[in-house]
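Engineer: Below is target11.txt; it holds compact mmCIF, C-alpha atoms.
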# COMPACT_ATOMS: atom_id res chain seq x y z
CA LEU A 101 -1.48 25.16 -37.61
CA LYS A 102 -3.24 22.04 -36.41
CA ALA A 103 -2.77 23.06 -32.77
CA SER A 104 -4.20 26.52 -33.46
CA LEU A 105 -7.27 25.05 -35.17
CA THR A 106 -7.81 22.63 -32.31
CA GLN A 107 -7.58 25.43 -29.77
CA ALA A 108 -10.17 27.36 -31.76
CA GLY A 109 -12.52 24.38 -31.72
CA ILE A 110 -12.11 23.55 -35.42
CA THR A 111 -11.57 20.15 -36.99
CA LEU A 112 -10.54 20.33 -40.63
CA ASP A 113 -11.85 17.25 -42.44
CA GLN A 114 -11.23 18.55 -45.95
CA ALA A 115 -8.04 20.60 -46.22
CA PRO A 116 -7.80 22.97 -49.19
CA ALA A 117 -5.30 22.36 -51.96
CA VAL A 118 -3.37 25.54 -52.83
CA THR A 119 -2.15 26.42 -56.32
CA LEU A 120 -0.03 29.43 -57.27
CA THR A 121 0.03 30.32 -60.96
CA ILE A 122 2.23 33.02 -62.49
CA THR A 123 0.33 34.15 -65.56
CA SER A 124 2.79 36.86 -66.62
CA LEU A 125 6.17 38.12 -65.46
CA ASP A 126 8.53 40.69 -66.94
CA LEU A 127 11.38 42.07 -64.84
CA PRO A 128 13.68 44.35 -66.85
CA LEU A 129 17.31 44.67 -65.81
CA ALA A 130 18.75 48.14 -65.33
CA GLY A 131 22.37 47.28 -65.98
CA SER A 132 24.60 47.62 -62.94
CA ALA A 133 21.65 49.01 -60.97
CA GLY A 134 20.08 45.55 -60.94
CA PRO A 135 16.39 44.69 -61.45
CA ASP A 136 14.15 47.56 -62.59
CA LEU A 137 11.39 47.20 -59.99
CA LYS A 138 9.54 50.28 -61.23
CA ASN A 139 8.79 48.58 -64.56
CA LEU A 140 8.13 45.10 -63.18
CA THR A 141 4.92 43.61 -64.59
CA LEU A 142 3.37 40.65 -62.87
CA GLY A 143 0.19 38.65 -63.04
CA ALA A 144 -0.42 35.89 -60.50
CA GLU A 145 -3.29 33.84 -59.11
CA LEU A 146 -3.47 31.89 -55.88
CA THR A 147 -6.40 29.50 -55.81
CA THR A 148 -7.64 26.95 -53.32
CA THR A 149 -10.10 24.13 -53.47
CA SER A 150 -13.05 24.06 -51.09
CA ALA A 151 -12.45 23.23 -47.44
CA GLY A 152 -14.66 21.95 -44.67
CA GLY A 153 -14.92 20.29 -41.32
CA THR A 154 -16.63 20.56 -37.98
CA LEU A 155 -16.84 23.51 -35.65
CA ALA A 156 -17.36 23.30 -31.89
CA LEU A 157 -19.30 26.43 -31.07
CA ALA A 158 -17.67 28.09 -28.08
CA ASN A 159 -19.08 30.49 -25.54
CA ALA A 160 -17.90 32.30 -22.46
CA THR A 161 -18.36 29.25 -20.21
CA GLY A 162 -16.51 26.75 -22.39
CA THR A 163 -16.68 24.79 -25.62
CA ASP A 164 -19.71 22.66 -26.40
CA THR A 165 -18.53 19.69 -28.44
CA THR A 166 -21.66 17.59 -28.00
CA LYS A 167 -23.21 18.82 -31.25
CA PRO A 168 -20.46 20.13 -33.53
CA SER A 169 -21.68 21.97 -36.60
CA THR A 170 -20.38 21.35 -40.09
CA PHE A 171 -18.80 24.24 -41.96
CA ALA A 172 -17.63 24.71 -45.53
CA LEU A 173 -15.48 27.33 -47.25
CA THR A 174 -15.86 28.00 -50.97
CA PRO A 175 -12.76 27.96 -53.20
CA LEU A 176 -10.73 31.13 -52.81
CA ARG A 177 -9.19 33.02 -55.72
CA LEU A 178 -6.62 35.71 -54.95
CA THR A 179 -5.26 37.74 -57.85
CA ILE A 180 -2.16 39.94 -57.92
CA ALA A 181 -1.52 42.35 -60.78
CA ALA A 182 1.38 44.76 -61.17
CA ALA A 183 1.05 46.78 -64.38
CA PRO A 184 3.77 47.85 -63.81
CA LEU A 185 4.73 47.86 -60.11
CA GLY A 186 5.76 51.51 -60.19
CA THR A 187 2.26 52.43 -61.36
CA SER A 188 -0.11 50.10 -59.54
CA LEU A 189 -0.28 46.89 -57.56
CA LYS A 190 -3.76 45.38 -57.25
CA VAL A 191 -4.77 42.53 -54.96
CA THR A 192 -8.29 41.08 -54.90
CA THR A 193 -9.84 38.04 -53.27
CA ALA A 194 -13.21 36.63 -52.25
CA THR A 195 -14.60 33.64 -50.41
CA SER A 196 -17.69 32.60 -48.50
CA ALA A 197 -18.71 30.16 -45.79
CA THR A 198 -21.67 28.05 -44.70
CA ILE A 199 -22.57 26.40 -41.40
CA ASP A 200 -24.83 23.37 -41.53
CA GLY A 201 -25.62 24.32 -45.12
CA GLN A 202 -26.75 27.85 -44.27
CA PRO A 203 -24.94 31.03 -45.47
CA ALA A 204 -22.43 32.12 -42.82
CA GLY A 205 -20.59 35.03 -44.40
CA GLN A 206 -19.00 36.49 -47.51
CA LEU A 207 -15.54 38.08 -47.53
CA THR A 208 -14.23 40.36 -50.28
CA VAL A 209 -10.93 42.25 -50.37
CA ASP A 210 -9.91 44.84 -52.98
CA ILE A 211 -6.57 46.66 -52.61
CA ASP A 212 -4.88 49.06 -55.04
CA ALA A 213 -1.50 50.55 -54.13
CA LYS A 214 0.01 53.13 -56.48
CA GLY A 215 3.52 54.56 -56.64
CA LEU A 216 5.20 51.71 -54.78
CA VAL A 217 8.59 52.31 -56.41
CA THR A 218 10.49 55.60 -56.56
CA SER A 219 12.38 56.95 -59.56
CA SER A 220 15.56 55.71 -57.86
CA ASN A 221 14.19 52.13 -57.87
CA LYS A 222 13.44 52.02 -54.15
CA ILE A 223 10.29 50.74 -52.47
CA ALA A 224 8.22 53.79 -51.48
CA LEU A 225 6.28 53.79 -48.22
CA GLY A 226 4.86 56.76 -46.36
CA THR A 227 5.92 57.82 -42.91
CA ASN A 228 2.87 55.94 -41.59
CA GLY A 229 4.41 52.70 -42.89
CA LEU A 230 1.83 52.26 -45.66
CA PRO A 231 1.89 52.99 -49.42
CA THR A 232 1.56 56.71 -50.07
CA ASP A 233 -1.37 56.19 -52.45
CA LEU A 234 -3.48 53.32 -51.14
CA THR A 235 -7.11 52.51 -51.88
CA ALA A 236 -8.61 49.49 -50.16
CA LYS A 237 -11.90 47.91 -49.22
CA VAL A 238 -12.45 44.91 -46.97
CA GLU A 239 -16.03 43.73 -46.59
CA LEU A 240 -17.42 40.93 -44.46
CA LYS A 241 -21.15 40.48 -44.99
CA ASN A 242 -23.67 38.41 -43.05
CA ALA A 243 -20.89 36.63 -41.15
CA SER A 244 -22.05 34.10 -38.59
CA THR A 245 -20.86 35.15 -35.15
CA SER A 246 -20.95 31.47 -34.19
CA LEU A 247 -18.30 30.84 -36.83
CA LEU A 248 -16.20 33.74 -35.51
CA GLN A 249 -16.64 32.77 -31.84
CA PRO A 250 -13.85 30.16 -31.60
CA PHE A 251 -11.26 32.73 -32.64
CA THR A 252 -11.91 34.75 -29.48
CA THR A 253 -10.77 31.84 -27.31
CA PRO A 254 -7.00 31.80 -28.09
CA ILE A 255 -6.69 35.54 -27.43
CA GLY A 256 -8.46 35.31 -24.10
CA LEU A 257 -11.49 37.50 -24.80
CA ASP A 258 -14.40 36.76 -22.49
CA LEU A 259 -16.96 37.21 -25.24
CA ASP A 260 -20.04 35.34 -26.38
CA LEU A 261 -20.37 36.82 -29.86
CA PRO A 262 -23.84 35.46 -30.71
CA THR A 263 -25.14 36.98 -27.44
CA ASP A 264 -23.03 40.15 -27.31
CA LEU A 265 -23.35 41.10 -30.99
CA GLY A 266 -26.18 39.07 -32.49
CA PRO A 267 -26.41 36.11 -34.89
CA THR A 268 -24.63 37.86 -37.78
CA LEU A 269 -22.08 40.62 -38.31
CA ASP A 270 -21.39 43.04 -41.16
CA LEU A 271 -17.95 44.69 -41.26
CA THR A 272 -16.76 47.21 -43.83
CA ILE A 273 -13.35 48.93 -43.85
CA THR A 274 -12.39 51.35 -46.60
CA ALA A 275 -9.18 53.32 -46.96
CA GLY A 276 -7.91 55.98 -49.34
CA PRO A 277 -5.91 59.22 -49.54
CA ASP A 278 -7.26 61.91 -47.22
CA THR A 279 -8.07 64.60 -49.77
CA THR A 280 -10.19 66.52 -47.24
CA SER A 281 -7.26 67.58 -45.09
CA PRO A 282 -6.37 71.27 -45.70
CA SER A 283 -2.67 70.47 -45.51
CA THR A 284 -2.76 67.60 -48.01
CA ALA A 285 -2.04 69.67 -51.12
CA SER A 286 1.18 71.08 -49.69
CA THR A 287 2.25 67.96 -47.77
CA PRO A 288 4.98 65.72 -49.28
CA ASP A 289 3.60 62.43 -50.60
CA ALA A 290 5.46 60.43 -47.94
CA SER A 291 3.67 62.32 -45.16
CA LYS A 292 0.13 62.48 -46.56
CA PRO A 293 -2.51 60.98 -44.24
CA LEU A 294 -4.72 57.99 -45.02
CA ARG A 295 -8.49 58.14 -44.64
CA ILE A 296 -10.01 55.06 -43.01
CA ASP A 297 -13.72 54.36 -42.49
CA ALA A 298 -14.70 51.39 -40.34
CA ASN A 299 -18.30 50.28 -39.83
CA VAL A 300 -19.67 47.38 -37.81
CA ARG A 301 -23.34 46.44 -37.97
CA SER A 302 -25.08 43.74 -35.93
CA ALA A 303 -28.36 43.23 -34.14
CA ASN A 304 -26.97 44.50 -30.82
CA VAL A 305 -23.88 46.60 -31.58
CA ASN A 306 -23.21 49.26 -34.22
CA ILE A 307 -19.91 51.12 -34.66
CA THR A 308 -19.11 53.96 -37.04
CA ALA A 309 -15.52 55.16 -37.05
CA PRO A 310 -14.28 57.81 -39.53
CA LEU A 311 -10.50 57.92 -39.00
CA THR A 312 -7.33 59.48 -40.35
CA LEU A 313 -3.95 57.75 -40.08
CA SER A 314 -0.92 60.02 -40.25
CA SER A 315 2.71 59.54 -39.29
CA THR A 316 1.99 60.94 -35.82
CA ALA A 317 -1.52 59.82 -34.85
CA LEU A 318 -4.64 57.81 -35.54
CA SER A 319 -7.42 60.34 -35.11
CA GLY A 320 -11.12 60.77 -35.73
CA ARG A 321 -12.25 62.82 -38.74
CA GLY A 322 -15.60 63.28 -37.04
CA ASP A 323 -17.65 61.65 -34.32
CA ILE A 324 -16.90 58.00 -33.60
CA THR A 325 -20.11 56.37 -32.41
CA ILE A 326 -20.64 53.09 -30.58
CA THR A 327 -24.14 51.94 -29.68
CA ALA A 328 -25.32 48.76 -27.99
CA GLN A 329 -28.89 47.73 -27.28
CA SER A 330 -27.82 45.77 -24.20
CA LEU A 331 -24.52 45.11 -22.45
CA THR A 332 -26.08 43.14 -19.58
CA PRO A 333 -24.79 39.65 -20.54
CA LEU A 334 -21.25 41.00 -21.10
CA LEU A 335 -21.26 42.96 -17.83
CA ARG A 336 -22.48 39.91 -15.93
CA ARG A 337 -19.55 37.87 -17.20
CA LEU A 338 -17.01 40.62 -16.54
CA THR A 339 -18.23 41.21 -13.00
CA ALA A 340 -18.86 37.59 -12.06
CA SER A 341 -17.16 36.89 -8.76
CA LYS A 342 -14.58 34.11 -8.66
CA THR A 343 -15.00 33.88 -4.88
CA PRO A 344 -17.41 31.22 -3.60
CA GLY A 345 -20.40 32.75 -1.88
CA GLN A 346 -20.06 36.15 -3.53
CA THR A 347 -22.46 37.13 -6.29
CA THR A 348 -23.00 40.17 -8.47
CA THR A 349 -26.44 41.03 -9.84
CA ILE A 350 -26.96 43.19 -12.95
CA ASP A 351 -30.47 43.78 -14.20
CA GLY A 352 -31.96 45.88 -16.97
CA LYS A 353 -30.76 46.40 -20.54
CA SER A 354 -27.57 48.37 -19.78
CA ALA A 355 -27.71 50.10 -23.17
CA LEU A 356 -24.73 52.09 -24.44
CA ASN A 357 -24.66 55.23 -26.57
CA LEU A 358 -21.06 56.48 -26.80
CA THR A 359 -19.75 59.32 -28.94
CA LEU A 360 -16.04 60.16 -29.20
CA ALA A 361 -15.83 63.69 -30.55
CA ASP A 362 -12.09 64.34 -30.43
CA PHE A 363 -10.39 60.95 -30.62
CA VAL A 364 -6.58 61.06 -31.01
CA TYR A 365 -4.23 58.12 -30.48
CA PRO A 366 -0.60 59.33 -30.75
CA LEU A 367 1.75 57.08 -32.68
CA THR A 368 5.42 56.48 -32.11
CA PRO A 369 7.74 54.48 -34.42
CA SER A 370 6.97 51.40 -32.33
CA THR A 371 3.17 51.80 -32.60
CA THR A 372 2.84 53.02 -36.20
CA PRO A 373 1.29 50.24 -38.34
CA ALA A 374 3.93 48.58 -40.49
Would you encode the structure as structure tokens?
Structural biologist:
Amino acid sequence: LKASLTQAGITLDQAPAVTLTITSLDLPLAGSAGPDLKNLTLGAELTTTSAGGTLALANATGTDTTKPSTFALTPLRLTIAAAPLGTSLKVTTATSATIDGQPAGQLTVDIDAKGLVTSSNKIALGTNGLPTDLTAKVELKNASTSLLQPFTTPIGLDLDLPTDLGPTLDLTITAGPDTTSPSTASTPDASKPLRIDANVRSANVNITAPLTLSSTALSGRGDITITAQSLTPLLRRLTASKTPGQTTTIDGKSALNLTLADFVYPLTPSTTPA
């Protein structure tokens, strides 16, 4: 973990303390059949103390450690509630961050998975590898792209997020049963598709992606739109010559307005999300 943080340009001066508390637990036994997972009730909380440290803001040309910024993460509280597991499993969490004392993002997660256990006491997942009745929302609001920038370094992305996206980023992902599909009513629960809506908003780039995840494909439910006010800085980095004496010049805004009208990404057992 320490090596990963160092590679990302992060020094953790105040590590969070983690506490897991089981507030309620009732696991009936079904005789020779073993534990009765369908009627398991569980209440649990995972909490952390605040954390903080310094952050070396990275960019496409390297990491500037001359003036590291201070960051802080508020205490996180993650709750898990099964009431009982065969009916619903809910997971919620929230946290926020600051950089140099200024707000740098709020993260909230709310997940509700129903029908996770079959009548035969088996874990029930759909053919897409996810719970057959899943409702979820992940929201990242006003997130500092400077705080996110170091995490592009380990995966080798030649990005400068503050320049390519803007100073802040809003990300919202929601998921739920696809009740709009004509075949849903007659489709077995295990094969019903999942509706996913992903939205990215920033000063330079906006993405709207209405999607459907089935056992065979990730496809668009409508137009997927990607707009960018200017791609010039990104294109300059991507086309920069590594050969001495050779230069590439890109001028203008290089705006992007892309619409994907019939997006389909076929899935195989090896590519289906697990």
Engineer: So that I can check the surroundings of Leu265 of chain A, please list as an MDAnalysis selection string every protein, DNA and RNA residue that reaches within 6 Å of it, counting only C-alpha atoms and ignoring chain neighbours fewer than 3 positions away.
Structural biologist: chainID A and resid 261:262 302 304:305
Engineer: Could you tell me how far atom CA of Lys241 of chain A sits from atom CA of Leu271 of chain A, in Å to one decimal place?
Structural biologist: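 Those two atoms sit 6.5 Å apart.
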Engineer: For the atom pair atom CA of Asp278 of chain A and atom CA of Thr187 of chain A, what is the interatomic distance in Å to one decimal place?
Structural biologist: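 Interatomic distance here is 19.5 Å.
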Engineer: My list of candidates is A:Pro277, A:Pro333, A:Gly205, A:Pro135. Which is closest to Thr312 of chain A when distances are computed with all atoms listed in the file?
Structural biologist: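 Closest residue, counting all atoms listed in the file: A:Pro277.
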Engineer: So, counting all atoms listed in the file, which residue among A:Thr327, A:Asn299, A:Ser188, A:Thr195 is closest to Thr232 of chain A?
Structural biologist: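 Of A:Thr327, A:Asn299, A:Ser188, A:Thr195, the one nearest Thr232 of chain A is A:Ser188, counting all atoms listed in the file.
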Engineer: Please determine, counting all atoms listed in the file, which residue among A:Leu269, A:Leu189, A:Ala156, A:Ala317 has the shortest atom-to-atom distance to Val300 of chain A.
Structural biologist: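 With all atoms listed in the file as the atom set, the closest residue is A:Leu269.
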Engineer: Quick one: of A:Pro184, A:Leu127, A:Ala194, A:Gly229, who's nearest to Thr148 of chain A, counting all atoms listed in the file?
Structural biologist: A:Ala194
Engineer: Fewer than 2 positions away in the same chain doesn't count, so skip those; otherwise give me all residues within 10 Å of Leu125 of chain A, counting all atoms listed in the file, as a list in words.
Structural biologist: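 The filter keeps Ile122, Thr123, Leu127, Pro128, Leu140, Thr141, Leu142, Gly143, Ala144, Ala181 and Ala182 of chain A.
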Engineer: Residues near segment 213-225 of chain A, anyone? I mean within 7 Å using all atoms listed in the file, not counting same-chain ones fewer than 3 positions away, as a PyMOL selection string.
Structural biologist: chain A and resi 136-138+185-190+229-235+290
Engineer: Limited to C-alpha atoms, could you put the picked residues into a file as a PDB file, in the coordinates of the input?
Structural biologist:
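What follows is the written file again-v5.pdb:
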ATOM      1  CA  ASP A 136      14.150  47.560 -62.590  1.00  0.00           C
ATOM      2  CA  LEU A 137      11.390  47.200 -59.990  1.00  0.00           C
ATOM      3  CA  LYS A 138       9.540  50.280 -61.230  1.00  0.00           C
ATOM      4  CA  LEU A 185       4.730  47.860 -60.110  1.00  0.00           C
ATOM      5  CA  GLY A 186       5.760  51.510 -60.190  1.00  0.00           C
ATOM      6  CA  THR A 187       2.260  52.430 -61.360  1.00  0.00           C
ATOM      7  CA  SER A 188      -0.110  50.100 -59.540  1.00  0.00           C
ATOM      8  CA  LEU A 189      -0.280  46.890 -57.560  1.00  0.00           C
ATOM      9  CA  LYS A 190      -3.760  45.380 -57.250  1.00  0.00           C
ATOM     10  CA  GLY A 229       4.410  52.700 -42.890  1.00  0.00           C
ATOM     11  CA  LEU A 230       1.830  52.260 -45.660  1.00  0.00           C
ATOM     12  CA  PRO A 231       1.890  52.990 -49.420  1.00  0.00           C
ATOM     13  CA  THR A 232       1.560  56.710 -50.070  1.00  0.00           C
ATOM     14  CA  ASP A 233      -1.370  56.190 -52.450  1.00  0.00           C
ATOM     15  CA  LEU A 234      -3.480  53.320 -51.140  1.00  0.00           C
ATOM     16  CA  THR A 235      -7.110  52.510 -51.880  1.00  0.00           C
ATOM     17  CA  ALA A 290       5.460  60.430 -47.940  1.00  0.00           C
TER      18      ALA A 290
END
Engineer: In Å to one decimal, how far is atom CA of Leu358 of chain A from atom CA of Ser319 of chain A?
Structural biologist: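 Answer for the atom CA of Ser319 of chain A to atom CA of Leu358 of chain A separation: 16.4 Å.
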